[in-house]
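Working notes for the structure below.
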Amino acid sequence: MKALKASHGTWITLVALLLCLGALGLGAGSMGWQAPWAAWTEGAQAGDVAIVWQIRAPRTLGAALVGALLGLAGALAQGLFRNPLAEPYLLGSSAGAGLCMALMLTIGLPWAMAEGWWARMGLTGAAFVGALGGVSLTLVLARGAAQTLRLLLAGVVVGVVLGALTQLMMVWSGEAWRVMQAFMLGNTALLGWDACAVLALALLVCLPAALVLARVLDALSLGEDTARTLGVPLGRTRVALVAVMALATAAAVAQAGLVAFVGLAAPHLVRPWSGSRHGRLLVGATLMGAVLLTGADVLSRCLLAPQELPVGVLTAVVGGIYLLLVLYRRPT
Amino acid sequence: MSAAITGAIQPGVLLSAQGLSAQRGGRQVLTDVSLSALKGKWLAVVGPNGAGKSTLLHCLAGLLRPVAGRVLWSHEVATPRLSWLGQETEGGDALSVRDTVALGRLPHQGWLGWPGESTADRLAIEQALADTDMDWAADRSMQTLSGGERQRVRLARALAVQAPVLLLDEPVAHLDAPHQRLVAQVLQREASRGRCIISVLHELPLALVADRVAVMQSGRLVAQGARDDAVLHQAIEQVFDQAVRIALVQGQWAVLPQL
């Protein structure tokens with residue numbers, strides 16, 4: 001049984017790698033599927049090498065990392081709130097992150113627009129604060145996370161209100177409007193090596209932290225009272241789990257904008273084979289998230305070629321249908 | 001959990017409730033309840049619906065802060081102090097039976113569950129699964145089990161803690177007669193090993209197998225005594241509105257419905 005589960009993990013990793021290689025060969029330009037290999041050869045033109053290593057490679061790696069972070073955040077949200085429909089986008093944390101980014105762009109536009117590592121870190125920090133605020137507001141409005149419908153409604157309300165505030169900010173500042181348009185739709189086209197570094201750092205922090213807290217999620221699945229009698233300090237662990245979820249969401253949103261439903265679908269898709277414990281589910285959802293967003297990125301480049309579809313539009317359409325299916329199949 | 005007080009109480013008493021009063025949603029549900037749980041004894045708490053039995057158990061476990069009174073633990077109770085089986089609907093459908101029972105060992109491993117299972121943990125898990133007749137389903141998912149089988153797994157998880165005090169809210173709910181008997185035998189054995197068991201029970205014949213019985217009504221403790229106590233039997237018949245009669249049948253206390 002364990003060997004079977006391990007083989008599933010290997011398959012997902014292989015699919016992710018194949019998608020990444022495929023994504024390197026896709027895009028505007030004269031190169032074809034041979035692009036990743038052509039860029040290695042001595043006879044390769046400087047322009048082709050630059051396209052692969054400065055545009056396609058960071059974009060592909062960035063998309064995989066964004067998907068991985070969103071998959072992880074979704075698995076954490078579903079375990080923490082004991083609610084299979086919880087995910088960063090539906091909990092208002094993505095909207096909160098977007099609002100704080102808009103605020104940052106409006107107030108400190110020249111600095112926030114600066115290229116480089118520190119500007120990325122600043123935007124990620126602002127998004128982190130916003131993500132924490134968004135999910136906290138949803139939980140307050142929903143009076144906890146016990147009732148699925150109340151949680152979803154509160155998340156929708158927070159998402160709409162914070163989204164409207166974000167729009168207001170953008171109207172206020174024309175320059176911010178231009179920059180935020182790409183973020184609002186969810187976009188992987190602007191991912192560079194700086195963004196990849198921030199995303200990789202966030203994943204390096206979030207995944208180990210989540211795995212350390214995996215047994216707490218197992219205990220929480222038995223109910224709050226039981227978890228408390230098993231010695232789990234609920235208050236502290238909840239804060240830690242929300243912080244990890246918010247950081248993963250914020251890092252993803254700050255680099256690629258609002259990408260919906262990857263966090264919802266990834267844990268659902270791996271749950272049948274990931275086994276019972278949250279440790280495996282968290283790793284599986286991280287890998288599946290990478291596969292989903294890399295796949296969506298490839299599709300977004302192919303569907304309307306030579307034009308590109310923002311990847312967030314694609315995930316919203318496909319993910320929305322998936323959410324409806326999940327709701328339809330739930331008994332209550 | 002709310003801070004429990006450890007102090008000097010009478011020898012042989014592991015846990016003592018002193019003048020406990022509690023509220024739920026602003027409504028008084030427990031009023032001035034005092035009782036002692038003795039080492040090596042099984043205390044059954046009975047009473048009609050809404051008598052405050054579960055609330056009492058929550059206060060004893062530290063899951064609900066009383067508005068008055070206190071819960072006192074003996075110095076001799078080592079951590080982990082209690083095993084808990086509540087009435088709350090437990091999720092964890094995706095967990096396997098063994099993984100669910102293994103969570104009972106968290107208090108021994110530290111709440112992060114690191115570095116993992118020791119030999120003692122594995123033995124305790126296997127013992128708890130065998131005690132509840134669920135060892136055959138160790139690798140099965142919880143969502144494939146019936147209500148009674150799930151209840152036995154939950155009880156196994158509580159037994160796996162191997163704490164000196166067991167607080168069990170309706171441990172035989174959904175169980176068939178053979179498995180009710182099995183659970184009663186396991187609880188008697190655990191008591192004989194020096195553990196203290198407090199269980200809320202709606203199955204009166206089973207409650208009369210316990211060493212002592214506490215009777216509750218409208219949030220108050222109205223009687224307490226040994227299972228053979230005639231005054232206790234009268235109190236049980238009274239709180240259940242004379243709908244049952246307790247009689248000695250072939251050397252065992254039987255509860256006969258009065259239709």
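A note on labels: chains of the structure tokens are A, B, ... as shown, every chain counts residues from 1, and ligands are counted from 1 in their shown order.
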- [ ] Would you list the contacts of B:Trp136 as a PyMOL selection string, taking every protein, DNA or RNA residue within 12 Å and counting only C-alpha atoms, but skipping same-chain residues closer than 3 positions in sequence?
- [x] chain B and resi 97-98+126+129-133+139-140+145+149+153
Open item on the list: Could you pull out the alpha helix (DSSP H) residues of stretch 60-208 of chain B, going by DSSP on the backbone, and write them as number ranges by chain?
Closed with: B: 60-61, 97-102, 106-109, 119-131, 147-160, 177-192, 204-207
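With atom CA of A:His268 on one side and atom CA of A:Ala127 on the other, the separation reads 25.9 Å.
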Residues of chain A within 7 Å of chain B: nearest atom pair and distance (Å, one decimal) for each, counting only C-alpha atoms, sorted by chain and number, as CSV?
```
residue,atom,partner,partner_atom,distance
A:Val212,CA,B:Leu112,CA,6.7
A:Leu213,CA,B:Leu112,CA,6.3
A:Arg215,CA,B:Leu112,CA,5.9
A:Val216,CA,B:Leu112,CA,6.4
A:Ala219,CA,B:Leu103,CA,6.5
A:Ser221,CA,B:Gly92,CA,4.7
A:Leu222,CA,B:Glu90,CA,4.6
A:Gly223,CA,B:Glu90,CA,5.3
A:Asp225,CA,B:Leu63,CA,6.7
A:Thr226,CA,B:Trp84,CA,6.7
A:Arg228,CA,B:Met1,CA,6.4
A:Thr229,CA,B:Trp84,CA,6.5
A:Leu230,CA,B:Pro107,CA,5.4
A:Gly231,CA,B:Pro107,CA,5.7
A:Val232,CA,B:Trp111,CA,5.3
A:Ser276,CA,B:Leu95,CA,4.1
A:Arg277,CA,B:Leu95,CA,6.3
```
Open item on the list: For B:Ala177, find every residue with an atom within 12 Å (counting only C-alpha atoms), except residues of its own chain fewer than 4 positions away, and show them as an NGL selection string.
Closed with: :B and (148 or 172-173 or 181-184 or 203 or 205-206)
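What separates atom CA of A:Asp297 from atom CA of A:Leu85 is a distance of 23.8 Å.
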- [ ] Would you kindly return, as a VMD selection string, each protein, DNA or RNA residue with an atom no farther than 6 Å from any atom of stretch 67-84 of chain A, considering only C-alpha atoms and excluding same-chain residues fewer than 3 positions away?
- [x] chain A and resid 64 87 145 217 245 248 263 to 264 266 to 267 282 285 to 287 289 to 290 293
Written selection (N, CA and C atoms) as a PDB file, in the first residue's frame:
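So selection-v9.pdb came out as:
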```
ATOM      1  N   ALA A  64       5.273  26.878 -11.114  1.00  0.00           N
ATOM      2  CA  ALA A  64       5.266  25.648 -10.299  1.00  0.00           C
ATOM      3  C   ALA A  64       5.325  26.000  -8.812  1.00  0.00           C
ATOM      4  N   GLU A  87     -10.236  27.336   1.333  1.00  0.00           N
ATOM      5  CA  GLU A  87      -9.019  27.585   0.545  1.00  0.00           C
ATOM      6  C   GLU A  87      -8.725  29.079   0.620  1.00  0.00           C
ATOM      7  N   ALA A 145     -15.166  28.542  12.234  1.00  0.00           N
ATOM      8  CA  ALA A 145     -15.128  27.831  10.952  1.00  0.00           C
ATOM      9  C   ALA A 145     -15.977  26.574  10.959  1.00  0.00           C
ATOM     10  N   LEU A 217      -2.742  18.873  12.971  1.00  0.00           N
ATOM     11  CA  LEU A 217      -3.894  18.822  12.068  1.00  0.00           C
ATOM     12  C   LEU A 217      -4.604  17.472  12.190  1.00  0.00           C
ATOM     13  N   MET A 245      -0.217  29.532   6.548  1.00  0.00           N
ATOM     14  CA  MET A 245      -1.125  29.596   5.407  1.00  0.00           C
ATOM     15  C   MET A 245      -1.084  30.986   4.763  1.00  0.00           C
ATOM     16  N   ALA A 248       2.215  31.529   2.822  1.00  0.00           N
ATOM     17  CA  ALA A 248       2.207  30.816   1.538  1.00  0.00           C
ATOM     18  C   ALA A 248       1.322  31.551   0.528  1.00  0.00           C
ATOM     19  N   GLY A 263      -5.774  26.091  -4.658  1.00  0.00           N
ATOM     20  CA  GLY A 263      -5.724  25.660  -3.262  1.00  0.00           C
ATOM     21  C   GLY A 263      -6.883  24.767  -2.881  1.00  0.00           C
ATOM     22  N   LEU A 264      -7.992  24.906  -3.553  1.00  0.00           N
ATOM     23  CA  LEU A 264      -9.147  24.048  -3.273  1.00  0.00           C
ATOM     24  C   LEU A 264      -8.969  22.680  -3.922  1.00  0.00           C
ATOM     25  N   ALA A 266      -6.199  21.105  -5.337  1.00  0.00           N
ATOM     26  CA  ALA A 266      -5.006  20.275  -5.146  1.00  0.00           C
ATOM     27  C   ALA A 266      -5.177  19.252  -4.005  1.00  0.00           C
ATOM     28  N   PRO A 267      -5.629  19.660  -2.798  1.00  0.00           N
ATOM     29  CA  PRO A 267      -5.791  18.658  -1.733  1.00  0.00           C
ATOM     30  C   PRO A 267      -6.855  17.615  -2.072  1.00  0.00           C
ATOM     31  N   LEU A 282      -0.095  17.071   2.899  1.00  0.00           N
ATOM     32  CA  LEU A 282       0.534  18.377   2.683  1.00  0.00           C
ATOM     33  C   LEU A 282       1.563  18.312   1.556  1.00  0.00           C
ATOM     34  N   ALA A 285      -0.389  17.692  -1.780  1.00  0.00           N
ATOM     35  CA  ALA A 285      -1.097  18.888  -2.264  1.00  0.00           C
ATOM     36  C   ALA A 285      -0.097  19.906  -2.809  1.00  0.00           C
ATOM     37  N   THR A 286       1.082  19.978  -2.212  1.00  0.00           N
ATOM     38  CA  THR A 286       2.121  20.895  -2.703  1.00  0.00           C
ATOM     39  C   THR A 286       2.546  20.495  -4.122  1.00  0.00           C
ATOM     40  N   LEU A 287       2.802  19.180  -4.296  1.00  0.00           N
ATOM     41  CA  LEU A 287       3.196  18.696  -5.623  1.00  0.00           C
ATOM     42  C   LEU A 287       2.063  18.888  -6.632  1.00  0.00           C
ATOM     43  N   GLY A 289      -0.395  21.023  -6.553  1.00  0.00           N
ATOM     44  CA  GLY A 289      -0.554  22.445  -6.854  1.00  0.00           C
ATOM     45  C   GLY A 289       0.432  22.879  -7.936  1.00  0.00           C
ATOM     46  N   ALA A 290       1.680  22.384  -7.821  1.00  0.00           N
ATOM     47  CA  ALA A 290       2.691  22.717  -8.838  1.00  0.00           C
ATOM     48  C   ALA A 290       2.267  22.189 -10.200  1.00  0.00           C
ATOM     49  N   LEU A 293      -0.842  24.344 -11.622  1.00  0.00           N
ATOM     50  CA  LEU A 293      -0.582  25.695 -12.140  1.00  0.00           C
ATOM     51  C   LEU A 293       0.380  25.674 -13.322  1.00  0.00           C
TER      52      LEU A 293
END
```
TODO: Return the single residue from B:Gly219, B:Gly19, B:Gly194, B:Gly251 that is closest to B:Leu72, with distances computed using only C-alpha atoms.
DONE: B:Gly19
Open item on the list: I'd like the contact shell of stretch 305-312 of chain A - 10 Å cut-off, only C-alpha atoms, skipping same-chain residues fewer than 3 positions apart - returned as an NGL selection string.
Closed with: :A and (27-29 or 63 or 182-189 or 256-262 or 293-302 or 315-319)
Next, dump the selected residues to file, keeping only C-alpha atoms, as a short mmCIF file (atom, residue, chain, number, x, y, z; two decimals), in the first residue's frame.
```cif
data_model
loop_
_atom_site.label_atom_id
_atom_site.label_comp_id
_atom_site.auth_asym_id
_atom_site.auth_seq_id
_atom_site.Cartn_x
_atom_site.Cartn_y
_atom_site.Cartn_z
CA GLY A 27 5.89 30.78 -26.20
CA ALA A 28 6.45 33.53 -28.74
CA GLY A 29 9.63 33.12 -30.75
CA ALA A 63 4.35 29.00 -11.88
CA ALA A 182 -2.19 41.98 -14.29
CA PHE A 183 -2.30 40.93 -10.65
CA MET A 184 -6.07 41.01 -10.39
CA LEU A 185 -6.38 38.48 -13.20
CA GLY A 186 -3.60 36.24 -11.97
CA ASN A 187 -0.60 36.28 -14.23
CA THR A 188 2.55 34.19 -14.54
CA ALA A 189 3.98 36.14 -17.48
CA ALA A 256 1.47 36.09 -9.54
CA GLY A 257 -1.68 37.86 -8.41
CA LEU A 258 -5.04 36.32 -7.58
CA VAL A 259 -5.03 32.71 -8.74
CA ALA A 260 -8.22 31.02 -7.63
CA PHE A 261 -9.14 27.44 -6.78
CA VAL A 262 -5.71 25.77 -7.07
CA LEU A 293 -0.58 25.70 -12.14
CA THR A 294 2.20 24.61 -14.49
CA GLY A 295 -0.44 22.82 -16.57
CA ALA A 296 -2.72 25.87 -16.45
CA ASP A 297 0.23 28.07 -17.48
CA VAL A 298 0.93 25.85 -20.49
CA LEU A 299 -2.76 25.88 -21.46
CA SER A 300 -3.02 29.64 -21.03
CA ARG A 301 -0.23 30.02 -23.57
CA CYS A 302 -1.70 27.50 -26.05
CA THR A 315 -8.07 28.56 -13.07
CA ALA A 316 -11.16 30.59 -12.12
CA VAL A 317 -13.24 29.02 -14.91
CA VAL A 318 -12.02 25.43 -14.43
CA GLY A 319 -11.85 25.76 -10.63
#
```
TODO: Would you mind listing what lies within 6 Å of stretch 10-18 of chain B as an MDAnalysis selection string, with only C-alpha atoms counted and same-chain residues fewer than 3 positions away left out?
DONE: chainID B and resid 34:39 69:74
